[in-house]
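Novice: Okay, so here is input.cif, and as you'll see once you scroll down, it has mmCIF, C-alpha atoms and all ligand atoms.
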data_data
loop_
_atom_site.group_PDB
_atom_site.id
_atom_site.type_symbol
_atom_site.label_atom_id
_atom_site.label_comp_id
_atom_site.auth_asym_id
_atom_site.auth_seq_id
_atom_site.Cartn_x
_atom_site.Cartn_y
_atom_site.Cartn_z
ATOM 1 C CA MET A 109 117.169 88.135 82.099
ATOM 2 C CA SER A 110 119.938 89.876 84.089
ATOM 3 C CA SER A 111 118.954 91.017 87.573
ATOM 4 C CA LEU A 112 119.640 94.637 86.559
ATOM 5 C CA THR A 113 117.288 94.407 83.586
ATOM 6 C CA ASN A 114 114.779 92.630 85.771
ATOM 7 C CA GLN A 115 115.040 95.373 88.405
ATOM 8 C CA SER A 116 114.636 98.154 85.810
ATOM 9 C CA LEU A 117 111.570 96.393 84.463
ATOM 10 C CA CYS A 118 110.110 96.196 87.968
ATOM 11 C CA LEU A 119 110.702 99.913 88.539
ATOM 12 C CA LYS A 120 109.148 100.820 85.216
ATOM 13 C CA MET A 121 106.096 98.723 85.903
ATOM 14 C CA ALA A 122 105.937 99.664 89.586
ATOM 15 C CA LEU A 123 102.478 99.785 91.128
ATOM 16 C CA LYS A 124 100.893 103.077 91.951
ATOM 17 C CA MET A 125 100.156 102.119 95.544
ATOM 18 C CA LEU A 126 102.406 100.251 97.928
ATOM 19 C CA VAL A 127 100.650 97.080 99.131
ATOM 20 C CA ILE A 128 101.911 95.628 102.416
ATOM 21 C CA GLY A 129 100.577 92.324 103.759
ATOM 22 C CA ASN A 130 100.754 91.686 107.500
ATOM 23 C CA TRP A 131 100.201 88.010 108.290
ATOM 24 C CA LYS A 132 100.313 88.670 112.057
ATOM 25 C CA SER A 133 100.645 85.405 114.039
ATOM 26 C CA ASN A 134 99.234 83.321 111.180
ATOM 27 C CA GLY A 135 100.565 81.279 108.322
ATOM 28 C CA SER A 136 102.372 78.039 107.720
ATOM 29 C CA HIS A 137 105.151 76.639 105.622
ATOM 30 C CA ASN A 138 102.497 75.816 102.993
ATOM 31 C CA LEU A 139 101.236 79.384 102.906
ATOM 32 C CA CYS A 140 104.783 80.645 102.334
ATOM 33 C CA GLU A 141 105.185 78.127 99.517
ATOM 34 C CA SER A 142 101.902 79.137 97.881
ATOM 35 C CA PHE A 143 102.895 82.825 97.907
ATOM 36 C CA ILE A 144 106.343 82.005 96.534
ATOM 37 C CA ARG A 145 104.790 79.859 93.788
ATOM 38 C CA ASP A 146 101.648 81.789 92.854
ATOM 39 C CA LEU A 147 101.915 85.524 93.592
ATOM 40 C CA LYS A 148 102.514 87.583 90.459
ATOM 41 C CA CYS A 149 103.453 91.221 90.791
ATOM 42 C CA ASN A 150 105.611 93.973 89.412
ATOM 43 C CA GLY A 151 106.962 95.707 92.503
ATOM 44 C CA ASN A 152 105.712 97.860 95.372
ATOM 45 C CA VAL A 153 104.604 94.809 97.343
ATOM 46 C CA VAL A 154 105.842 93.890 100.821
ATOM 47 C CA ILE A 155 104.865 90.749 102.742
ATOM 48 C CA CYS A 156 105.398 90.586 106.504
ATOM 49 C CA PRO A 157 105.208 86.935 107.614
ATOM 50 C CA PRO A 158 105.857 85.748 111.174
ATOM 51 C CA ALA A 159 109.542 86.012 112.136
ATOM 52 C CA ILE A 160 110.224 82.296 111.771
ATOM 53 C CA TYR A 161 109.418 82.491 108.040
ATOM 54 C CA LEU A 162 111.429 85.606 107.217
ATOM 55 C CA ALA A 163 114.559 83.739 106.168
ATOM 56 C CA ASN A 164 112.483 81.236 104.133
ATOM 57 C CA MET A 165 110.760 83.940 102.142
ATOM 58 C CA VAL A 166 113.304 86.695 101.656
ATOM 59 C CA HIS A 167 114.499 87.058 98.038
ATOM 60 C CA LYS A 168 112.180 84.229 96.919
ATOM 61 C CA ILE A 169 109.510 86.241 95.068
ATOM 62 C CA SER A 170 110.804 88.635 92.450
ATOM 63 C CA CYS A 171 109.675 92.221 93.028
ATOM 64 C CA VAL A 172 108.369 91.472 96.559
ATOM 65 C CA GLU A 173 110.226 92.726 99.607
ATOM 66 C CA ILE A 174 109.888 90.831 102.864
ATOM 67 C CA GLY A 175 109.246 92.814 106.037
ATOM 68 C CA ALA A 176 109.259 91.956 109.736
ATOM 69 C CA GLN A 177 106.292 92.576 112.039
ATOM 70 C CA ASP A 178 108.440 93.948 114.846
ATOM 71 C CA CYS A 179 112.056 94.489 115.860
ATOM 72 C CA SER A 180 114.019 94.920 119.062
ATOM 73 C CA SER A 181 114.332 98.398 120.499
ATOM 74 C CA PHE A 182 117.952 97.432 121.318
ATOM 75 C CA THR A 183 120.998 96.842 119.205
ATOM 76 C CA ASN A 184 122.590 93.360 119.295
ATOM 77 C CA GLY A 185 123.280 92.168 122.827
ATOM 78 C CA PRO A 186 121.978 90.134 125.765
ATOM 79 C CA TYR A 187 118.244 90.507 124.994
ATOM 80 C CA THR A 188 116.846 86.981 124.923
ATOM 81 C CA GLY A 189 114.091 86.560 122.381
ATOM 82 C CA ASP A 190 114.661 89.918 120.703
ATOM 83 C CA ILE A 191 115.395 90.219 116.977
ATOM 84 C CA SER A 192 117.576 93.248 116.340
ATOM 85 C CA CYS A 193 117.578 95.350 113.193
ATOM 86 C CA GLU A 194 121.157 94.244 112.606
ATOM 87 C CA LEU A 195 119.968 90.610 112.492
ATOM 88 C CA LEU A 196 117.057 91.529 110.210
ATOM 89 C CA LYS A 197 119.291 93.552 107.928
ATOM 90 C CA GLY A 198 121.732 90.646 107.833
ATOM 91 C CA ILE A 199 119.216 88.436 106.014
ATOM 92 C CA GLY A 200 118.014 91.206 103.691
ATOM 93 C CA ILE A 201 114.905 92.546 105.452
ATOM 94 C CA LYS A 202 114.062 96.067 104.230
ATOM 95 C CA TYR A 203 110.847 96.936 106.134
ATOM 96 C CA VAL A 204 109.632 96.571 109.732
ATOM 97 C CA ILE A 205 106.125 97.219 111.096
ATOM 98 C CA ILE A 206 106.391 99.187 114.329
ATOM 99 C CA GLY A 207 103.903 100.101 117.041
ATOM 100 C CA HIS A 208 100.983 98.058 115.715
ATOM 101 C CA SER A 209 97.941 98.436 117.982
ATOM 102 C CA GLU A 210 98.214 94.708 118.816
ATOM 103 C CA ARG A 211 101.753 95.297 120.175
ATOM 104 C CA ILE A 212 100.351 98.117 122.299
ATOM 105 C CA ARG A 213 97.282 96.179 123.456
ATOM 106 C CA PHE A 214 98.855 92.798 124.175
ATOM 107 C CA HIS A 215 102.449 93.761 124.969
ATOM 108 C CA HIS A 216 101.909 97.191 126.511
ATOM 109 C CA GLU A 217 104.365 98.867 124.184
ATOM 110 C CA THR A 218 104.779 102.601 124.681
ATOM 111 C CA ILE A 219 105.476 105.565 122.432
ATOM 112 C CA ASN A 220 109.097 105.451 123.630
ATOM 113 C CA ASN A 221 109.359 101.813 122.487
ATOM 114 C CA THR A 222 108.055 102.883 119.082
ATOM 115 C CA LEU A 223 110.511 105.772 118.847
ATOM 116 C CA ASP A 224 113.461 103.559 119.872
ATOM 117 C CA LYS A 225 112.496 100.967 117.253
ATOM 118 C CA VAL A 226 112.161 103.628 114.550
ATOM 119 C CA HIS A 227 115.685 104.805 115.385
ATOM 120 C CA ARG A 228 117.082 101.257 115.275
ATOM 121 C CA CYS A 229 115.480 100.793 111.829
ATOM 122 C CA LEU A 230 116.857 104.043 110.458
ATOM 123 C CA GLU A 231 120.346 103.248 111.816
ATOM 124 C CA HIS A 232 120.229 100.089 109.713
ATOM 125 C CA ASN A 233 118.645 101.628 106.647
ATOM 126 C CA ILE A 234 115.433 99.662 107.188
ATOM 127 C CA ILE A 235 112.119 101.355 106.368
ATOM 128 C CA PRO A 236 109.895 101.629 109.464
ATOM 129 C CA ILE A 237 106.149 101.268 108.908
ATOM 130 C CA VAL A 238 104.855 103.163 111.925
ATOM 131 C CA CYS A 239 101.254 102.290 112.812
ATOM 132 C CA VAL A 240 99.106 105.026 114.319
ATOM 133 C CA ASP A 241 95.511 105.409 115.450
ATOM 134 C CA ASP A 242 93.519 108.625 115.793
ATOM 135 C CA ASP A 243 95.963 109.830 118.465
ATOM 136 C CA TYR A 244 98.713 109.906 115.810
ATOM 137 C CA GLN A 245 99.883 113.374 116.797
ATOM 138 C CA ASN A 246 101.439 112.007 120.019
ATOM 139 C CA ILE A 247 103.882 109.974 117.967
ATOM 140 C CA ILE A 248 104.342 112.098 114.882
ATOM 141 C CA ASP A 249 105.230 115.167 116.946
ATOM 142 C CA LYS A 250 108.202 113.219 118.310
ATOM 143 C CA LEU A 251 109.412 111.764 115.010
ATOM 144 C CA SER A 252 111.925 113.842 113.148
ATOM 145 C CA PHE A 253 110.989 113.722 109.526
ATOM 146 C CA ASN A 254 112.872 111.184 107.506
ATOM 147 C CA GLU A 255 111.694 110.364 104.022
ATOM 148 C CA GLN A 256 112.116 106.639 104.707
ATOM 149 C CA ILE A 257 109.396 106.572 107.374
ATOM 150 C CA LEU A 258 105.981 105.267 106.334
ATOM 151 C CA ILE A 259 103.013 106.125 108.528
ATOM 152 C CA ALA A 260 100.146 103.610 108.488
ATOM 153 C CA TYR A 261 96.889 105.118 109.714
ATOM 154 C CA GLU A 262 95.040 102.185 111.270
ATOM 155 C CA PRO A 263 91.925 103.111 113.237
ATOM 156 C CA ILE A 264 91.522 100.408 115.905
ATOM 157 C CA SER A 265 87.788 100.255 115.205
ATOM 158 C CA SER A 266 88.565 99.136 111.633
ATOM 159 C CA ILE A 267 91.060 96.363 112.355
ATOM 160 C CA GLY A 268 89.427 93.038 111.568
ATOM 161 C CA THR A 269 85.904 94.487 111.780
ATOM 162 C CA GLY A 270 84.996 95.209 108.173
ATOM 163 C CA ILE A 271 84.064 98.764 109.189
ATOM 164 C CA LEU A 272 86.062 101.480 107.435
ATOM 165 C CA PRO A 273 85.938 105.246 107.893
ATOM 166 C CA ASP A 274 84.687 107.036 104.797
ATOM 167 C CA ASN A 275 87.243 108.007 102.183
ATOM 168 C CA LYS A 276 86.936 111.693 102.945
ATOM 169 C CA TYR A 277 87.887 111.107 106.574
ATOM 170 C CA ILE A 278 90.851 108.904 105.626
ATOM 171 C CA ASP A 279 91.994 111.589 103.183
ATOM 172 C CA ILE A 280 91.798 114.312 105.851
ATOM 173 C CA ILE A 281 93.856 112.246 108.328
ATOM 174 C CA SER A 282 96.364 111.157 105.688
ATOM 175 C CA SER A 283 96.809 114.740 104.455
ATOM 176 C CA HIS A 284 97.196 116.001 108.020
ATOM 177 C CA ILE A 285 99.836 113.348 108.757
ATOM 178 C CA LYS A 286 101.694 114.413 105.615
ATOM 179 C CA SER A 287 101.583 118.043 106.695
ATOM 180 C CA PHE A 288 103.868 117.174 109.638
ATOM 181 C CA GLY A 289 106.741 116.418 107.299
ATOM 182 C CA LYS A 290 105.705 114.938 103.994
ATOM 183 C CA PHE A 291 105.605 111.390 105.366
ATOM 184 C CA LYS A 292 104.311 108.721 103.013
ATOM 185 C CA THR A 293 100.982 107.413 104.298
ATOM 186 C CA LEU A 294 99.197 104.093 104.207
ATOM 187 C CA TYR A 295 95.715 103.113 105.307
ATOM 188 C CA GLY A 296 95.145 99.862 107.209
ATOM 189 C CA GLY A 297 92.046 98.200 108.647
ATOM 190 C CA SER A 298 89.752 95.725 106.829
ATOM 191 C CA VAL A 299 91.299 96.335 103.402
ATOM 192 C CA THR A 300 90.012 93.710 100.950
ATOM 193 C CA SER A 301 89.667 93.172 97.215
ATOM 194 C CA LYS A 302 86.132 94.598 97.548
ATOM 195 C CA ASN A 303 87.142 98.018 98.873
ATOM 196 C CA ILE A 304 90.603 98.493 97.336
ATOM 197 C CA ASP A 305 89.299 100.272 94.214
ATOM 198 C CA SER A 306 87.576 102.824 96.390
ATOM 199 C CA LEU A 307 90.589 103.229 98.723
ATOM 200 C CA LYS A 308 92.999 103.747 95.881
ATOM 201 C CA SER A 309 90.973 106.746 94.728
ATOM 202 C CA ILE A 310 92.081 108.602 97.897
ATOM 203 C CA LYS A 311 94.613 111.033 96.475
ATOM 204 C CA SER A 312 96.782 111.544 99.556
ATOM 205 C CA LEU A 313 97.325 107.807 100.188
ATOM 206 C CA ASP A 314 100.547 106.098 99.114
ATOM 207 C CA GLY A 315 99.510 102.563 99.968
ATOM 208 C CA VAL A 316 97.597 100.086 102.089
ATOM 209 C CA LEU A 317 98.429 97.739 104.964
ATOM 210 C CA VAL A 318 96.451 94.528 104.609
ATOM 211 C CA GLY A 319 95.895 92.072 107.474
ATOM 212 C CA GLY A 320 93.372 89.233 107.090
ATOM 213 C CA ALA A 321 93.055 89.613 103.323
ATOM 214 C CA SER A 322 96.800 89.011 102.906
ATOM 215 C CA LEU A 323 96.456 85.412 104.122
ATOM 216 C CA ILE A 324 94.943 84.019 100.923
ATOM 217 C CA VAL A 325 97.128 84.356 97.880
ATOM 218 C CA SER A 326 94.209 84.758 95.425
ATOM 219 C CA GLU A 327 92.621 87.525 97.528
ATOM 220 C CA PHE A 328 95.954 89.316 98.013
ATOM 221 C CA GLN A 329 96.604 88.965 94.274
ATOM 222 C CA LEU A 330 93.335 90.818 93.503
ATOM 223 C CA ILE A 331 94.420 93.686 95.790
ATOM 224 C CA VAL A 332 97.871 93.815 94.204
ATOM 225 C CA ASP A 333 96.386 93.726 90.686
ATOM 226 C CA SER A 334 94.001 96.518 91.483
ATOM 227 C CA CYS A 335 96.882 98.739 92.629
ATOM 228 C CA LYS A 336 98.802 98.494 89.355
HETATM 229 P P1 LIG A 401 92.919 93.713 108.947
HETATM 230 O O1 LIG A 401 94.239 94.093 109.768
HETATM 231 O O2 LIG A 401 93.201 94.037 107.504
HETATM 232 O O3 LIG A 401 92.717 92.256 109.208
HETATM 233 O O4 LIG A 401 91.831 94.568 109.487
HETATM 234 C C1 LIG A 401 95.005 95.218 109.428
HETATM 235 C C2 LIG A 401 96.140 95.396 110.385
HETATM 236 O O5 LIG A 401 95.963 95.175 111.589
HETATM 237 O O6 LIG A 401 97.248 95.766 109.952
#
Starting from the coordinates I provided, produce the structure as structure tokens.
Specialist:
Amino acid sequence: MSSLTNQSLCLKMALKMLVIGNWKSNGSHNLCESFIRDLKCNGNVVICPPAIYLANMVHKISCVEIGAQDCSSFTNGPYTGDISCELLKGIGIKYVIIGHSERIRFHHETINNTLDKVHRCLEHNIIPIVCVDDDYQNIIDKLSFNEQILIAYEPISSIGTGILPDNKYIDIISSHIKSFGKFKTLYGGSVTSKNIDSLKSIKSLDGVLVGGASLIVSEFQLIVDSCK
């Protein structure tokens, strides 16, 4: 099948909700291989492995985009250890997670770091997935609306805890975030195959950001399948 026909098929069969997997500082060569071999999907799926696996995974699973978990707030230059958006773009990365609460907690990143990284992404036509907690207004007020930006509402109390806010609350926050400029919104925090059917009934949500449950291909597959 030609890649154009393949692409049109993917678009036609695209999932209703965007499903983004964030492996955080987890994974292995074997995990990459099992996703490449076993994951079946029809689009609207992004996997964000650790940086060392980006080049291994990009373009290897049809209809899956590969995203980075962070990027440099600088352009290319003398910034040892940083991975710039130009470098990410160069290998075909289309999404970057920015401002995750773990970057703030363990690396003391600030709102200005987040804003700089969003700008670097947009300069390189990369979609920023901006993570926010209940204090989202502090960041969103400073973001000029750009239809590429995705806002992931991730209450810190829900990350890795199995405790989710109720759907009504998520819907209120997601709708409020959208009212700032029609951003697309995701929910993240303890998303699993058990709660995805309920989460996908939230009308204002455009997708989910999945941490722990994205580390097992069969579990991630159930989430992806449920979002078709
Ligand atoms: P979790 O993580 O799904 O393991 O709660 C979500 C996240 O931090 O993005």
Novice: Check every protein, DNA and RNA residue against ligand LIG 401 (chain A), keep those with an atom at most 9 Å away (counting only C-alpha atoms and all ligand atoms), and present them as a PyMOL selection string.
Specialist: chain A and resi 128-132+208-210+239+260+262+264+266-271+295-300+316-322
Novice: Suppose a student applies the PyMOL selection byres (((chain A and resi 137-150) around 12) and not hetatm) to this structure; what residues should they get, written as a PDB file with C-alpha atoms, in the frame of the given file?
Specialist:
ATOM      1  CA  ASN A 114     114.779  92.630  85.771  1.00  0.00           C
ATOM      2  CA  GLN A 115     115.040  95.373  88.405  1.00  0.00           C
ATOM      3  CA  SER A 116     114.636  98.154  85.810  1.00  0.00           C
ATOM      4  CA  LEU A 117     111.570  96.393  84.463  1.00  0.00           C
ATOM      5  CA  CYS A 118     110.110  96.196  87.968  1.00  0.00           C
ATOM      6  CA  LEU A 119     110.702  99.913  88.539  1.00  0.00           C
ATOM      7  CA  LYS A 120     109.148 100.820  85.216  1.00  0.00           C
ATOM      8  CA  MET A 121     106.096  98.723  85.903  1.00  0.00           C
ATOM      9  CA  ALA A 122     105.937  99.664  89.586  1.00  0.00           C
ATOM     10  CA  LEU A 123     102.478  99.785  91.128  1.00  0.00           C
ATOM     11  CA  LYS A 124     100.893 103.077  91.951  1.00  0.00           C
ATOM     12  CA  MET A 125     100.156 102.119  95.544  1.00  0.00           C
ATOM     13  CA  LEU A 126     102.406 100.251  97.928  1.00  0.00           C
ATOM     14  CA  VAL A 127     100.650  97.080  99.131  1.00  0.00           C
ATOM     15  CA  GLY A 129     100.577  92.324 103.759  1.00  0.00           C
ATOM     16  CA  TRP A 131     100.201  88.010 108.290  1.00  0.00           C
ATOM     17  CA  ASN A 134      99.234  83.321 111.180  1.00  0.00           C
ATOM     18  CA  GLY A 135     100.565  81.279 108.322  1.00  0.00           C
ATOM     19  CA  SER A 136     102.372  78.039 107.720  1.00  0.00           C
ATOM     20  CA  GLY A 151     106.962  95.707  92.503  1.00  0.00           C
ATOM     21  CA  ASN A 152     105.712  97.860  95.372  1.00  0.00           C
ATOM     22  CA  VAL A 153     104.604  94.809  97.343  1.00  0.00           C
ATOM     23  CA  VAL A 154     105.842  93.890 100.821  1.00  0.00           C
ATOM     24  CA  ILE A 155     104.865  90.749 102.742  1.00  0.00           C
ATOM     25  CA  CYS A 156     105.398  90.586 106.504  1.00  0.00           C
ATOM     26  CA  PRO A 157     105.208  86.935 107.614  1.00  0.00           C
ATOM     27  CA  PRO A 158     105.857  85.748 111.174  1.00  0.00           C
ATOM     28  CA  ILE A 160     110.224  82.296 111.771  1.00  0.00           C
ATOM     29  CA  TYR A 161     109.418  82.491 108.040  1.00  0.00           C
ATOM     30  CA  LEU A 162     111.429  85.606 107.217  1.00  0.00           C
ATOM     31  CA  ALA A 163     114.559  83.739 106.168  1.00  0.00           C
ATOM     32  CA  ASN A 164     112.483  81.236 104.133  1.00  0.00           C
ATOM     33  CA  MET A 165     110.760  83.940 102.142  1.00  0.00           C
ATOM     34  CA  VAL A 166     113.304  86.695 101.656  1.00  0.00           C
ATOM     35  CA  HIS A 167     114.499  87.058  98.038  1.00  0.00           C
ATOM     36  CA  LYS A 168     112.180  84.229  96.919  1.00  0.00           C
ATOM     37  CA  ILE A 169     109.510  86.241  95.068  1.00  0.00           C
ATOM     38  CA  SER A 170     110.804  88.635  92.450  1.00  0.00           C
ATOM     39  CA  CYS A 171     109.675  92.221  93.028  1.00  0.00           C
ATOM     40  CA  VAL A 172     108.369  91.472  96.559  1.00  0.00           C
ATOM     41  CA  GLU A 173     110.226  92.726  99.607  1.00  0.00           C
ATOM     42  CA  ILE A 174     109.888  90.831 102.864  1.00  0.00           C
ATOM     43  CA  SER A 322      96.800  89.011 102.906  1.00  0.00           C
ATOM     44  CA  LEU A 323      96.456  85.412 104.122  1.00  0.00           C
ATOM     45  CA  ILE A 324      94.943  84.019 100.923  1.00  0.00           C
ATOM     46  CA  VAL A 325      97.128  84.356  97.880  1.00  0.00           C
ATOM     47  CA  SER A 326      94.209  84.758  95.425  1.00  0.00           C
ATOM     48  CA  GLU A 327      92.621  87.525  97.528  1.00  0.00           C
ATOM     49  CA  PHE A 328      95.954  89.316  98.013  1.00  0.00           C
ATOM     50  CA  GLN A 329      96.604  88.965  94.274  1.00  0.00           C
ATOM     51  CA  LEU A 330      93.335  90.818  93.503  1.00  0.00           C
ATOM     52  CA  ILE A 331      94.420  93.686  95.790  1.00  0.00           C
ATOM     53  CA  VAL A 332      97.871  93.815  94.204  1.00  0.00           C
ATOM     54  CA  ASP A 333      96.386  93.726  90.686  1.00  0.00           C
ATOM     55  CA  SER A 334      94.001  96.518  91.483  1.00  0.00           C
ATOM     56  CA  CYS A 335      96.882  98.739  92.629  1.00  0.00           C
ATOM     57  CA  LYS A 336      98.802  98.494  89.355  1.00  0.00           C
TER      58      LYS A 336
END
Novice: Emit as AutoDock Vina command-line options the padded axis-aligned box for all listed atoms of region 191-205 of chain A, 4 Å per side, with centre and edge lengths in Å to one decimal.
Specialist:
--center_x 113.9 --center_y 92.8 --center_z 110.3 --size_x 23.6 --size_y 16.8 --size_z 21.3
Novice: Quick one, how far is CA of Ile206 (chain A) from CA of Gly189 (chain A)?
Specialist: 16.8 Å
Novice: Pick the closest to Gly200 (chain A) from A:Ser282, A:Asn233, A:Ser133, A:Ser301: which is it, counting all atoms listed in the file?
Specialist: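 When distances to Gly200 (chain A) are compared using all atoms listed in the file, the smallest one comes from A:Asn233.
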Novice: Which neighbours of region 219-230 of chain A fall inside 12 Å, counting all atoms listed in the file, when residues of the same chain fewer than 5 positions from it are skipped, and could you give them as a ChimeraX atom specification?
Specialist: /A:175-184,190-197,201-209,211-212,235-240,243-259
Novice: Of the residues A:Glu217, A:Glu231, A:Asp241, A:Asp314, which is the one nearest to Pro263 (chain A), using all atoms listed in the file?
Specialist: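 Using all atoms listed in the file, the shortest distance to Pro263 (chain A) belongs to A:Asp241.
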Novice: What is the CA of Ile281 (chain A)-CA of Phe214 (chain A) distance in Å, reported with one decimal?
Specialist: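 Going from CA of Ile281 (chain A) over to CA of Phe214 (chain A), I get 25.6 Å.
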Novice: Interatomic distance between CA of Ser309 (chain A) and CA of Leu294 (chain A)?
Specialist: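 Atom-to-atom, CA of Ser309 (chain A) to CA of Leu294 (chain A), that is 12.8 Å.
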Novice: Of the candidates A:Asp274, A:Thr218, A:His232, A:Arg213, which shows the shortest atom-to-atom distance to Gly198 (chain A), using all atoms listed in the file?
Specialist: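 So, comparing all the options, the nearest one is A:His232.
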Novice: Can you translate the PyMOL selection byres (((chain A and resi 280) around 12) and not hetatm) into the concrete residues it hits in this file, as a VMD selection string?
Specialist: chain A and resid 242 261 273 to 279 281 to 287 293 295 310 to 313
